[in-house]
Every structure is written in C-alpha cells, then in structure tokens.
Amino acid sequence: MPSPAPAQEPPPGRMSRHRSVHVSLEPGGGLPEIHVAGGTATLVSVGAPLADGGPVLDDARGRVRLVPVEGAAFLLLPAADLPVGERLRLTVPLARGDSLQFALTSVEDEVDTEVKLLLLQSPDADARGLEDVARFLNSSSREQPVALPLLPTRSRVSGDTSVRLRSVLRLGRHVFVSLLLWDRRADAEAWRRLRFRAAVKGGSVVALPALRVSSLVSTAILNQHTFVTVLPDGAERLDVALNGESAPESTFCLPLPRETPTP
C-alpha cells in the first residue's frame, strides 16, 4: 500500500489548501465539498477506521481514481477538472457501520491538496457534569432563566407545534439550549423533531449531534427540554430547527454567544 503523496504545486492560478473539515452523521446538514483539480493529488484522511472496500465514488466515467494509503486515508487523483457546477458524490463507509457523504467539485481559485476529516461525536452525558448543568437549567424558575444575552423572547410555530427559546448557555465547545415546547397532540414528542446545525466560517453548514440530557415534564401546557451539543471549530451561528412534518421547517438562527471558559 503506498504512502501519502508528497505535496504538489497547485495548478497555475489556484491556491493550495490544507484544511480540516468537521463532519457529522446527523441528518439535515449540507453536503461538504472537497475541491479537486486535474493532475493534482488530494490526500484525504479520516478520523475513524474505514470499512473494507474503502470509499465509493459515483463516477461512471472513471474520471477520478481512488487510491488507498496507509491508515484511514486515501488519495483522489482526477485526470482533469470536473465541469463547472458538477458535483460527484463520494461515500466513505466507516468500520462501525455508518458512512460519510461528500461532494467533489472543481473551482477556479483553489484546490484541496490535503483534507483531514474530523468526526463530530455526540456529547457524553456523564462528561464534565453536563447532566448536572442541564438539570440546573431546567429547574431554574421561569422568572429568572439562566441565559446569555439574547434578543427578546423568540417563538416559532410549525404545524401543531409551538417552540419557545428560553435560554442559551455556552461552556467551552458545549452549548446548552433550553426550549419550551407545546404540541396540541397529547401523545406527540415534538422534541424528537428538533435538529441542530452550525454555520461555520467559510459558509458551510454542519449538522450537529445533540443529546437531551434531561427534561422537565409538567402538568402545564408547556414542557421544557434542555439539549447539549458540541460546536465545531470556526462555528459562527447555531441554528435550531423544528421539522414540521406536513408543515414547513421553522428555525431559530442564533449568533453564538462569547465563549465562557469551563472551570
């Protein structure tokens, strides 16, 4: 099995990039792009063991070669630039049974010569007292919610469900989001339709794994739920979306509060 290829000069007029890309197995995010160029090798390394058989590229014309290298890595070797606007789907199966999805494309001004894929892992409810923090947020009185400065109270309605943002608290890379939800269907679990996404510097959107570490179920109409998620590097905005089933998706777009150091 070959070793990683040495660094190459990018084609004239293109900037060579070595970058890290945060990826998630959660639904709802955009398809991350890897920029390739004809005659230039792109080394892709994955932060998890690959499944037998390696990556699969949806390219019936065979314009891009996939070459495995040592470890959980592979080379992309395109014979020529891809046509403007074309996006080839790349699937990277993981040994644990799931897979990552990407799009290969060519752009005029840059090429990725090395890409490191960093998997966003679900928060651990037992780590760093996350559960205790969430329980504290849920037990706080409604008159004095724990929150960093936000715009006035925000509410969204999607179909039969109403959601109200109660507080946002950031501790390091962890963000706690407390919401009040109401659904006119007594047996509905609206919280299962919540999705969390981060807008990252550069314009990409990453779906975030989120953990509901505690909830406050009351006899009142509104039930409070607290979620914790982990932000990728460069995150500039947090989106909280409620899938509306037969209704349109409803979304809170939250500029991220300044990071609060953990004790």
# chains A, B, ... in the order shown; residues from 1 in each chain; ligands from 1
$ residues_around --residues "Pro49 (chain A)" --least-positions-apart "6" --cutoff "12 Å" --atoms "only C-alpha atoms" --output "VMD selection string"
chain A and resid 55 70 to 74 92 to 99 117 119
$ residues_around --residues "Leu256 (chain A)" --least-positions-apart "4" --cutoff "8 Å" --atoms "only C-alpha atoms" --output "mmCIF file with C-alpha atoms, in the first residue's frame"
data_model
loop_
_atom_site.group_PDB
_atom_site.id
_atom_site.type_symbol
_atom_site.label_atom_id
_atom_site.label_comp_id
_atom_site.auth_asym_id
_atom_site.auth_seq_id
_atom_site.Cartn_x
_atom_site.Cartn_y
_atom_site.Cartn_z
ATOM 1 C CA ALA A 235 -18.709 27.971 14.283
ATOM 2 C CA GLU A 236 -20.292 31.411 13.904
ATOM 3 C CA ARG A 237 -24.011 30.669 14.256
ATOM 4 C CA LEU A 238 -26.203 27.988 15.800
#
$ closest_residue --among "A:Ala51, A:Leu169, A:Leu104, A:Val44" --to "Leu31 (chain A)" --atoms "only C-alpha atoms"
A:Leu104
$ atom_distance --atom1 "CA of Arg195 (chain A)" --atom2 "CA of Pro209 (chain A)"
8.5 Å
$ closest_residue --among "A:Val115, A:Ala37, A:Val64, A:Leu43" --to "His18 (chain A)" --atoms "only C-alpha atoms"
A:Val115
$ residues_around --residues "Leu57 (chain A)" --least-positions-apart "4" --cutoff "9 Å" --atoms "only C-alpha atoms" --output "PyMOL selection string"
chain A and resi 62+64-66+88-92
$ closest_residue --among "A:Leu25, A:Val69, A:Val84, A:Leu76" --to "Val107 (chain A)" --atoms "only C-alpha atoms"
A:Val84
$ residues_around --residues "region 232-234 of chain A" --least-positions-apart "2" --cutoff "12 Å" --atoms "only C-alpha atoms" --output "JSON, numbers by chain"
{"A": [19, 20, 21, 22, 23, 24, 117, 118, 119, 120, 121, 122, 172, 173, 174, 175, 197, 198, 199, 200, 201, 202, 203, 204, 205, 206, 207, 208, 209, 229, 230, 236, 237, 238, 256]}
$ residues_around --residues "Arg63 (chain A)" --least-positions-apart "3" --cutoff "8 Å" --atoms "only C-alpha atoms" --output "short mmCIF file (atom, residue, chain, number, x, y, z; two decimals) with C-alpha atoms, in the first residue's frame"
data_model
loop_
_atom_site.label_atom_id
_atom_site.label_comp_id
_atom_site.auth_asym_id
_atom_site.auth_seq_id
_atom_site.Cartn_x
_atom_site.Cartn_y
_atom_site.Cartn_z
CA ASP A 59 -18.42 8.44 -11.25
CA PRO A 78 -8.60 13.36 -11.08
CA ALA A 79 -7.48 13.13 -14.70
CA ALA A 80 -8.95 16.57 -15.42
#
$ atom_distance --atom1 "CA of Ala190 (chain A)" --atom2 "CA of Ala210 (chain A)"
14.7 Å
$ closest_residue --among "A:Glu114, A:Leu75, A:Phe102, A:Val168" --to "Asp239 (chain A)" --atoms "only C-alpha atoms"
A:Val168
$ closest_residue --among "A:Pro68, A:Glu108, A:Arg87, A:Gly47" --to "Gly13 (chain A)" --atoms "only C-alpha atoms"
A:Glu108
$ atom_distance --atom1 "CA of Trp191 (chain A)" --atom2 "CA of Val163 (chain A)"
9.3 Å
